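One structure is given below, encoded as structure tokens.
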Amino acid sequence: MAAIFTPAARSIFAKRVLLHLATIGSDGEPHVTPVWTELDGVDIIINTALGRKKARNLANDPRVAISLTDPDDPGTCIAARGLVVGFSTQGADEVIDRLARKYTGEDFRDSRVEGEVRVTVRIRPELISVQPD
């Protein structure tokens with residue numbers, strides 16, 4: 001069953017805050033990377049490119065952990081564990097453009113690498129912790 005973010009936690013996701021995504025590599029080692037993010041219902045949405053380490057890790061093991069800190073209040077942070085429930089190239093270019101507009105004010109089109117295939121990852125949180133609670 002999905003855990004639900006509170007309205008206060010959802011408001012942090014709406015800001016230009018980087019989400020730190022922890023994945024598990026094929027060797028069992030953790031890999032953490034900052035990513036742009038948004039929420040869609042109960043799910044966390046991120047976008048990456050096929051072939052990158054995080055994409056390979058997410059395709060091989062759906063378990064993830066995330067954290068983010070409110071840029072306006074460094075004492076407020078969110079951590080969650082969850083599972084990848086969606087991994088799709090369909091519509092991924094539109095998602096990265098939307099995220100780029102949120103974080104940079106511009107479409108991502110000018111930053112695209114030729115031949116790169118974008119993928120949207122949908123993460124369903126199972127356990128959420130907010131500090132302070």
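Identifiers in this document derive from the order of the structure tokens: chains are assigned A, B, ..., residues are numbered from 1 separately in each chain, and ligands are numbered from 1 in order of occurrence.
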Secondary structure check, helix (DSSP H, G or I) residues of stretch 55-117 of chain A, as JSON, numbers by chain: {"A": [55, 56, 57, 58, 59, 60, 92, 93, 94, 95, 96, 97, 98, 99, 100, 101, 102, 103, 104, 109, 110, 111]}
For A:Asp40, find every residue with an atom within 10 Å (counting only C-alpha atoms), except residues of its own chain fewer than 6 positions away, and show them as JSON, numbers by chain. {"A": [122, 123, 124]}
Spatial neighbours of A:Tyr103, 12 Å, only C-alpha atoms, chain gap at least 6 places, as number ranges by chain: A: 13-18, 35-38, 96-97
Quick one: distance from atom CA of A:Arg98 to atom CA of A:Arg63 in Å, one decimal? 25.3 Å
Close residues, A:Ile12 itself excluded, 12 Å, only C-alpha atoms, min 2 positions apart in chain, as number ranges by chain: A: 5-10, 14-19, 37-39, 67-74, 76-78, 130
Please list as a PyMOL selection string every residue within 9 Å of A:Gly25, counting only C-alpha atoms and excluding residues in the same chain fewer than 3 positions away. chain A and resi 28-31+53-54+56-58+60-61
Emit the selected residues as a PDB file, in the first residue's frame, including C-alpha atoms.
ATOM      1  CA  GLY A  28      24.652  -4.506  -4.228  1.00  0.00           C
ATOM      2  CA  GLU A  29      26.357  -1.145  -3.706  1.00  0.00           C
ATOM      3  CA  PRO A  30      24.208   1.956  -3.169  1.00  0.00           C
ATOM      4  CA  HIS A  31      24.265   4.764  -5.726  1.00  0.00           C
ATOM      5  CA  LYS A  53      23.756   4.083 -14.022  1.00  0.00           C
ATOM      6  CA  LYS A  54      20.591   5.083 -12.170  1.00  0.00           C
ATOM      7  CA  ARG A  56      20.232   0.557 -15.158  1.00  0.00           C
ATOM      8  CA  ASN A  57      19.918   0.209 -11.387  1.00  0.00           C
ATOM      9  CA  LEU A  58      16.215   1.103 -11.408  1.00  0.00           C
ATOM     10  CA  ASN A  60      17.260  -4.158 -12.313  1.00  0.00           C
ATOM     11  CA  ASP A  61      16.048  -3.505  -8.759  1.00  0.00           C
TER      12      ASP A  61
END
Tell me which of A:Gly75, A:Val119, A:Ile66, A:Asp107 sits closest to A:Gln90, counting only C-alpha atoms.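 Nearest candidate to A:Gln90 out of A:Gly75, A:Val119, A:Ile66, A:Asp107: A:Val119.
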